[in-house]
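K.L.:
So here's final_14.json, just JSON, C-alpha atoms:
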```json
[["chain", "number", "residue", "atom", "x", "y", "z"],
["L", 1, "MET", "CA", 110.67, 87.96, 71.75],
["L", 2, "LEU", "CA", 108.01, 89.22, 69.33],
["L", 3, "CYS", "CA", 108.85, 88.61, 65.65],
["L", 4, "PHE", "CA", 107.43, 90.63, 62.76],
["L", 5, "THR", "CA", 107.80, 89.59, 59.12],
["L", 6, "VAL", "CA", 107.52, 92.49, 56.65],
["L", 7, "PRO", "CA", 108.22, 92.89, 52.92],
["L", 8, "PRO", "CA", 111.82, 93.74, 51.94],
["L", 9, "ASP", "CA", 112.70, 97.17, 50.58],
["L", 10, "GLY", "CA", 115.58, 98.95, 48.91],
["L", 11, "ASP", "CA", 117.65, 98.82, 52.07],
["L", 12, "HIS", "CA", 116.64, 95.42, 53.39],
["L", 13, "LYS", "CA", 116.74, 92.12, 51.47],
["L", 14, "THR", "CA", 114.90, 88.91, 52.24],
["L", 15, "GLY", "CA", 116.42, 87.22, 55.27],
["L", 16, "VAL", "CA", 117.77, 90.43, 56.79],
["L", 17, "TYR", "CA", 116.59, 91.16, 60.32],
["L", 18, "GLU", "CA", 116.74, 93.93, 62.90],
["L", 19, "ASP", "CA", 116.26, 93.72, 66.66],
["L", 20, "PHE", "CA", 115.30, 96.47, 69.05],
["L", 21, "ASP", "CA", 114.82, 96.18, 72.78],
["L", 22, "THR", "CA", 111.94, 97.39, 74.92],
["L", 23, "VAL", "CA", 111.71, 97.40, 78.70],
["L", 24, "ARG", "CA", 109.73, 94.14, 78.49],
["L", 25, "GLY", "CA", 111.46, 92.25, 75.74],
["L", 26, "THR", "CA", 112.91, 92.24, 72.25],
["L", 27, "VAL", "CA", 111.15, 92.85, 68.94],
["L", 28, "ARG", "CA", 112.72, 91.26, 65.87],
["L", 29, "VAL", "CA", 111.83, 92.58, 62.43],
["L", 30, "ILE", "CA", 112.47, 90.08, 59.62],
["L", 31, "TYR", "CA", 112.29, 91.14, 55.97],
["L", 32, "PHE", "CA", 110.81, 88.39, 53.84],
["L", 33, "ASP", "CA", 109.39, 88.40, 50.30],
["L", 34, "GLU", "CA", 106.53, 85.91, 49.99],
["L", 35, "ASN", "CA", 106.85, 85.98, 46.18],
["L", 36, "ILE", "CA", 110.42, 84.67, 45.93],
["L", 37, "SER", "CA", 111.20, 81.65, 43.78],
["L", 38, "ALA", "CA", 110.52, 78.15, 45.09],
["L", 39, "LEU", "CA", 114.24, 77.36, 45.34],
["L", 40, "LYS", "CA", 115.04, 80.49, 47.37],
["L", 41, "ARG", "CA", 111.96, 79.92, 49.52],
["L", 42, "ILE", "CA", 113.37, 76.59, 50.76],
["L", 43, "TYR", "CA", 116.51, 78.32, 52.00],
["L", 44, "TYR", "CA", 114.83, 81.37, 53.46],
["L", 45, "ASN", "CA", 112.02, 79.43, 55.15],
["L", 46, "ARG", "CA", 114.69, 77.57, 57.10],
["L", 47, "ARG", "CA", 116.40, 80.84, 57.97],
["L", 48, "ILE", "CA", 113.13, 82.44, 59.05],
["L", 49, "SER", "CA", 112.38, 79.40, 61.21],
["L", 50, "LYS", "CA", 115.71, 79.80, 62.99],
["L", 51, "LEU", "CA", 115.20, 83.53, 63.49],
["L", 52, "THR", "CA", 111.75, 83.01, 65.03],
["L", 53, "LYS", "CA", 112.59, 79.88, 67.03],
["L", 54, "GLU", "CA", 112.60, 81.66, 70.38],
["L", 55, "GLY", "CA", 109.84, 84.12, 69.56],
["L", 56, "ALA", "CA", 106.16, 84.61, 68.86],
["L", 57, "VAL", "CA", 105.42, 85.51, 65.24],
["L", 58, "CYS", "CA", 103.28, 88.52, 64.33],
["L", 59, "GLY", "CA", 101.08, 87.65, 61.34],
["L", 60, "GLU", "CA", 99.80, 84.49, 62.93],
["L", 61, "THR", "CA", 97.91, 84.19, 66.24],
["L", 62, "LEU", "CA", 99.34, 87.38, 67.74],
["L", 63, "TYR", "CA", 98.53, 89.77, 64.91],
["L", 64, "LYS", "CA", 96.06, 92.53, 65.85],
["L", 65, "ASN", "CA", 94.29, 94.37, 63.05],
["L", 66, "GLY", "CA", 94.53, 97.76, 64.75],
["L", 67, "ARG", "CA", 90.81, 98.30, 65.25],
["L", 68, "GLU", "CA", 91.07, 98.84, 69.02],
["L", 69, "LEU", "CA", 93.88, 101.38, 68.67],
["L", 70, "ALA", "CA", 91.99, 103.16, 65.88],
["L", 71, "ALA", "CA", 88.84, 103.24, 68.02],
["L", 72, "PHE", "CA", 90.87, 104.66, 70.94],
["L", 73, "TYR", "CA", 91.90, 107.59, 68.71],
["L", 74, "ILE", "CA", 88.64, 107.91, 66.78],
["L", 75, "LYS", "CA", 88.03, 111.54, 67.85],
["L", 76, "SER", "CA", 91.55, 112.56, 66.81],
["L", 77, "ILE", "CA", 90.99, 110.82, 63.47],
["L", 78, "CYS", "CA", 87.68, 112.63, 62.96],
["L", 79, "ASP", "CA", 89.23, 115.98, 63.92],
["L", 80, "ALA", "CA", 91.99, 115.44, 61.35],
["L", 81, "VAL", "CA", 89.57, 114.42, 58.61],
["L", 82, "LEU", "CA", 86.90, 117.07, 59.24],
["L", 83, "ASP", "CA", 89.38, 119.95, 59.65],
["L", 84, "GLY", "CA", 86.89, 122.07, 61.54],
["L", 85, "GLY", "CA", 83.75, 120.43, 60.13],
["L", 86, "LYS", "CA", 81.08, 118.89, 62.36],
["L", 87, "ASP", "CA", 78.86, 116.53, 60.36],
["L", 88, "ILE", "CA", 79.37, 112.77, 60.80],
["L", 89, "LEU", "CA", 77.24, 109.85, 59.64],
["L", 90, "ILE", "CA", 77.71, 106.59, 61.57],
["L", 91, "CYS", "CA", 76.75, 103.34, 59.85],
["L", 92, "SER", "CA", 75.68, 100.90, 62.54],
["L", 93, "LYS", "CA", 73.54, 97.84, 63.18],
["L", 94, "ASN", "CA", 74.25, 97.68, 66.91],
["L", 95, "ILE", "CA", 72.88, 100.01, 69.61],
["L", 96, "LYS", "CA", 76.07, 99.37, 71.62],
["L", 97, "ASP", "CA", 77.95, 101.47, 69.06],
["L", 98, "CYS", "CA", 76.26, 104.52, 70.58],
["L", 99, "ASP", "CA", 78.17, 104.02, 73.82],
["L", 100, "ALA", "CA", 81.38, 102.95, 72.08],
["L", 101, "LEU", "CA", 81.28, 106.18, 70.03],
["L", 102, "ARG", "CA", 79.93, 108.38, 72.83],
["L", 103, "GLU", "CA", 82.80, 110.86, 72.50],
["L", 104, "ILE", "CA", 82.00, 111.32, 68.81],
["L", 105, "ILE", "CA", 78.29, 111.81, 69.46],
["L", 106, "LEU", "CA", 79.02, 114.46, 72.08],
["L", 107, "SER", "CA", 81.61, 116.26, 69.96],
["L", 108, "PHE", "CA", 80.05, 116.36, 66.48],
["L", 109, "ASN", "CA", 76.72, 116.64, 64.66],
["L", 110, "VAL", "CA", 75.99, 112.92, 64.39],
["L", 111, "LYS", "CA", 73.31, 110.96, 62.59],
["L", 112, "PHE", "CA", 73.10, 107.16, 62.43],
["L", 113, "LEU", "CA", 72.41, 105.18, 59.27],
["L", 114, "THR", "CA", 71.01, 101.77, 60.15],
["L", 115, "GLU", "CA", 68.69, 99.01, 58.94],
["L", 116, "LYS", "CA", 65.01, 99.83, 58.54],
["L", 117, "GLY", "CA", 63.98, 97.62, 61.45],
["L", 118, "MET", "CA", 66.46, 99.30, 63.80],
["L", 119, "VAL", "CA", 65.57, 102.95, 63.15],
["L", 120, "SER", "CA", 63.05, 103.28, 65.99],
["L", 121, "ALA", "CA", 65.37, 101.65, 68.53],
["L", 122, "PHE", "CA", 68.23, 103.96, 67.57],
["L", 123, "ARG", "CA", 66.02, 107.07, 67.65],
["L", 124, "GLU", "CA", 64.68, 106.17, 71.10],
["L", 125, "TYR", "CA", 68.12, 105.49, 72.53],
["L", 126, "LEU", "CA", 69.70, 108.62, 71.06],
["L", 127, "ALA", "CA", 66.82, 110.77, 72.36],
["L", 128, "GLU", "CA", 66.99, 109.34, 75.88],
["L", 129, "GLU", "CA", 70.78, 109.17, 76.27],
["L", 130, "PHE", "CA", 71.93, 112.17, 74.24],
["L", 131, "GLY", "CA", 68.87, 114.36, 73.71],
["L", 132, "ILE", "CA", 69.13, 113.91, 69.94],
["L", 133, "ALA", "CA", 65.82, 113.97, 68.09],
["L", 134, "ASP", "CA", 65.42, 112.11, 64.80],
["L", 135, "GLY", "CA", 69.00, 110.79, 65.13],
["L", 136, "ALA", "CA", 68.70, 107.75, 62.89],
["L", 137, "SER", "CA", 67.52, 106.87, 59.41],
["L", 138, "ALA", "CA", 67.54, 103.93, 57.03],
["L", 139, "ALA", "CA", 67.89, 106.07, 53.94],
["L", 140, "ALA", "CA", 70.13, 109.02, 54.75],
["L", 141, "PRO", "CA", 72.65, 109.38, 51.91],
["L", 142, "PRO", "CA", 76.22, 110.35, 52.89],
["L", 143, "GLY", "CA", 75.79, 113.69, 51.14],
["L", 144, "GLY", "CA", 79.39, 114.83, 51.49],
["L", 145, "LYS", "CA", 79.62, 113.87, 55.16],
["L", 146, "CYS", "CA", 82.40, 112.02, 56.94],
["L", 147, "VAL", "CA", 81.18, 108.44, 57.45],
["L", 148, "ILE", "CA", 82.22, 105.96, 60.14],
["L", 149, "VAL", "CA", 81.58, 102.33, 59.16],
["L", 150, "THR", "CA", 81.17, 99.82, 62.00],
["L", 151, "ASP", "CA", 80.78, 96.02, 62.08],
["L", 152, "GLY", "CA", 78.52, 94.50, 59.45],
["L", 153, "CYS", "CA", 77.86, 97.73, 57.56],
["L", 154, "GLU", "CA", 80.20, 97.15, 54.63],
["L", 155, "SER", "CA", 77.26, 96.84, 52.20],
["L", 156, "PHE", "CA", 75.69, 100.20, 53.09],
["L", 157, "ASN", "CA", 75.46, 102.79, 50.33],
["L", 158, "LEU", "CA", 78.50, 105.01, 50.88],
["L", 159, "LYS", "CA", 78.52, 106.76, 47.53],
["L", 160, "GLY", "CA", 78.97, 110.49, 47.91],
["L", 161, "ALA", "CA", 80.76, 110.36, 51.25],
["L", 162, "ARG", "CA", 83.35, 113.06, 51.82],
["L", 163, "GLU", "CA", 85.59, 110.62, 53.68],
["L", 164, "ILE", "CA", 85.10, 107.10, 55.05],
["L", 165, "ILE", "CA", 86.61, 105.86, 58.30],
["L", 166, "ASN", "CA", 86.39, 102.08, 58.20],
["L", 167, "ILE", "CA", 86.57, 100.40, 61.62],
["L", 168, "SER", "CA", 84.46, 97.42, 60.57],
["L", 169, "GLY", "CA", 87.41, 95.11, 60.04],
["L", 170, "ALA", "CA", 86.13, 94.23, 56.56],
["L", 171, "PRO", "CA", 87.38, 95.64, 53.23],
["L", 172, "LEU", "CA", 85.33, 98.26, 51.39],
["L", 173, "GLU", "CA", 85.01, 98.90, 47.67],
["L", 174, "PHE", "CA", 85.47, 102.62, 48.34],
["L", 175, "PRO", "CA", 88.69, 104.45, 49.22],
["L", 176, "CYS", "CA", 88.75, 104.76, 53.00],
["L", 177, "ILE", "CA", 90.75, 105.40, 56.13],
["L", 178, "SER", "CA", 91.54, 102.17, 57.97],
["L", 179, "PRO", "CA", 94.06, 100.92, 60.55],
["L", 180, "GLU", "CA", 96.44, 100.20, 57.66],
["L", 181, "THR", "CA", 96.45, 103.91, 56.72],
["L", 182, "LEU", "CA", 96.88, 105.36, 60.22],
["L", 183, "PHE", "CA", 100.34, 106.12, 61.59],
["L", 184, "PHE", "CA", 101.41, 106.93, 65.14],
["L", 185, "LYS", "CA", 104.29, 108.35, 67.12],
["L", 186, "LEU", "CA", 105.92, 105.46, 68.93],
["L", 187, "PRO", "CA", 106.11, 105.38, 72.73],
["L", 188, "ALA", "CA", 109.50, 105.91, 74.35],
["L", 189, "GLU", "CA", 109.76, 102.17, 75.01],
["L", 190, "PHE", "CA", 109.99, 101.59, 71.24],
["L", 191, "SER", "CA", 112.66, 104.17, 70.48],
["L", 192, "GLY", "CA", 114.94, 102.96, 67.70],
["L", 193, "ALA", "CA", 112.23, 100.77, 66.16],
["L", 194, "PRO", "CA", 111.92, 100.55, 62.34],
["L", 195, "PRO", "CA", 109.46, 103.09, 60.82],
["L", 196, "PHE", "CA", 106.97, 100.39, 59.77],
["L", 197, "LEU", "CA", 106.00, 99.87, 63.42],
["L", 198, "LYS", "CA", 104.25, 103.26, 63.34],
["L", 199, "ARG", "CA", 101.40, 101.69, 61.33],
["L", 200, "CYS", "CA", 98.30, 101.22, 63.46],
["L", 201, "ASP", "CA", 97.87, 97.44, 63.15],
["L", 202, "TYR", "CA", 101.56, 96.63, 63.68],
["L", 203, "LEU", "CA", 101.80, 99.05, 66.59],
["L", 204, "GLN", "CA", 98.73, 97.64, 68.33],
["L", 205, "THR", "CA", 100.15, 94.13, 68.01],
["L", 206, "ALA", "CA", 103.36, 95.20, 69.73],
["L", 207, "LEU", "CA", 101.60, 97.30, 72.38],
["L", 208, "ASP", "CA", 99.22, 94.49, 73.29],
["L", 209, "PHE", "CA", 101.97, 91.87, 73.30],
["L", 210, "PHE", "CA", 104.09, 93.83, 75.78],
["L", 211, "GLY", "CA", 101.17, 95.30, 77.71],
["L", 212, "PHE", "CA", 101.93, 98.96, 76.95],
["L", 213, "SER", "CA", 99.23, 101.62, 77.23],
["L", 214, "TYR", "CA", 97.77, 103.17, 74.10],
["L", 215, "GLU", "CA", 97.98, 106.54, 75.86],
["L", 216, "ASN", "CA", 101.74, 106.65, 75.32],
["L", 217, "THR", "CA", 101.28, 106.95, 71.56],
["L", 218, "LYS", "CA", 100.11, 109.86, 69.41],
["L", 219, "LEU", "CA", 98.34, 110.04, 66.05],
["L", 220, "LEU", "CA", 100.76, 111.35, 63.43],
["L", 221, "SER", "CA", 99.04, 111.02, 60.05],
["L", 222, "VAL", "CA", 95.79, 109.91, 58.46],
["L", 223, "LYS", "CA", 95.77, 108.65, 54.90],
["L", 224, "THR", "CA", 93.12, 107.32, 52.55],
["L", 225, "GLY", "CA", 93.71, 104.03, 50.77],
["L", 226, "ILE", "CA", 91.99, 101.12, 49.07]]
```
Would you put the structure from the file into structure tokens?
P.N.:
Amino acid sequence: MLCFTVPPDGDHKTGVYEDFDTVRGTVRVIYFDENISALKRIYYNRRISKLTKEGAVCGETLYKNGRELAAFYIKSICDAVLDGGKDILICSKNIKDCDALREIILSFNVKFLTEKGMVSAFREYLAEEFGIADGASAAAPPGGKCVIVTDGCESFNLKGAREIINISGAPLEFPCISPETLFFKLPAEFSGAPPFLKRCDYLQTALDFFGFSYENTKLLSVKTGI
């Protein structure tokens, strides 16, 4: 059993739980308010312990932040954000990002923003592998472009970006699209699951836990948040 703990809402109070079955096991959703009083916490912590006794708890070692699922759908995310546009700026410090984002490079007008010491290496690689001349810079402002932020690039100047897709795993000071703001159609194996499971990070946790393919999901909505 895989156990999720999520905040309560108008229909679900702390301590309430829901189970739904998949072909490979059961998912239990437990509604729990971390800000309840100390006295109530004693009671509900015991209840939560009983409800998760036979399961693995999402939010601890099993929790996935959704980055892999977001990366799997990165072209669909860009298509939704650009709405027919073509210009994308990728913030990167790692040449390997060129291969990881190959589909984006081949589908859009891409330029890389990197550190000064990495510009030549990026330009060489992009010219040889993709035929892109002058494909990287250390000082290219976002200028209204859609920006993809990869690992370690949280401090890059993103002011003026049209939209930011943050797959770095670190928080940004700018409004951005992240795994927490992406929502997906659930695979048939998760029919009857609570709506919260559509969120990218929760969904990836469940998919990975049960070994389901990402291909059986579909991007539903892209939102911008802090």
K.L.:
Under the rule that only C-alpha atoms are counted, which of L:Pro187, L:Pro175, L:Gly160, L:Gly211 is the nearest residue to Thr224 of chain L?
P.N.:
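Of L:Pro187, L:Pro175, L:Gly160, L:Gly211, the one nearest Thr224 of chain L, counting only C-alpha atoms, is L:Pro175.
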K.L.:
Counting all atoms listed in the file, which of L:Cys3, L:Ala38, L:Ala70, L:Val81 gets nearest to Lys50 of chain L?
P.N.:
L:Cys3
K.L.:
Give me the segment 19-95 of chain L side of the contact with segment 99-104 of chain L, cut-off 12 Å, one line per residue showing its nearest atom pair and distance in Å at one decimal, counting all atoms listed in the file, sorted by chain and residue number, as a tab-separated table.
P.N.:
```
residue	atom	partner	partner_atom	distance
L:Glu68	CA	L:Ala100	CA	11.0
L:Ala70	CA	L:Leu101	CA	11.9
L:Ala71	CA	L:Leu101	CA	8.4
L:Phe72	CA	L:Ala100	CA	9.7
L:Tyr73	CA	L:Glu103	CA	10.4
L:Ile74	CA	L:Ile104	CA	7.7
L:Lys75	CA	L:Ile104	CA	6.1
L:Ser76	CA	L:Ile104	CA	9.8
L:Ile77	CA	L:Ile104	CA	10.5
L:Cys78	CA	L:Ile104	CA	8.3
L:Asp79	CA	L:Ile104	CA	9.9
L:Lys86	CA	L:Ile104	CA	10.0
L:Asp87	CA	L:Ile104	CA	10.4
L:Ile88	CA	L:Ile104	CA	8.6
L:Leu89	CA	L:Ile104	CA	10.4
L:Ile90	CA	L:Leu101	CA	9.2
L:Cys91	CA	L:Leu101	CA	11.5
L:Ser92	CA	L:Leu101	CA	10.7
L:Asn94	CA	L:Asp99	CA	10.2
L:Ile95	CA	L:Asp99	CA	7.9
```
K.L.:
Find the distance between atom CA of Val57 of chain L and atom CA of Ala206 of chain L and write it in Å to one decimal.
P.N.:
10.9 Å
K.L.:
Work out how far apart atom CA of Gly144 of chain L and atom CA of Gly131 of chain L are and give it in Å to one decimal.
P.N.:
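Atom CA of Gly131 of chain L lies 24.6 Å from atom CA of Gly144 of chain L.
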K.L.:
Could you work out how far atom CA of Ala170 of chain L lies from atom CA of Phe212 of chain L, giving the answer in Å with one decimal?
P.N.:
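According to the coordinates, atom CA of Phe212 of chain L and atom CA of Ala170 of chain L are separated by 26.2 Å.
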K.L.:
Rank nothing, just name the residue among L:Val147, L:Leu113, L:Glu34, L:Lys13 nearest to Cys176 of chain L, using all atoms listed in the file.
P.N.:
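For Cys176 of chain L, the nearest of the given residues is L:Val147.
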K.L.:
Which residue out of L:Ala139, L:Val149, L:Ala188, L:Ile226 has the minimum interatomic distance to Phe174 of chain L when all atoms listed in the file are used?
P.N.:
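Result for the nearest residue to Phe174 of chain L: L:Ile226.
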K.L.:
From the set L:Arg41, L:Val110, L:Ile105, L:Glu189, which residue has the shortest atom-to-atom contact distance to Phe210 of chain L, counting only C-alpha atoms?
P.N.:
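That would be L:Glu189, the residue with the smallest distance to Phe210 of chain L.
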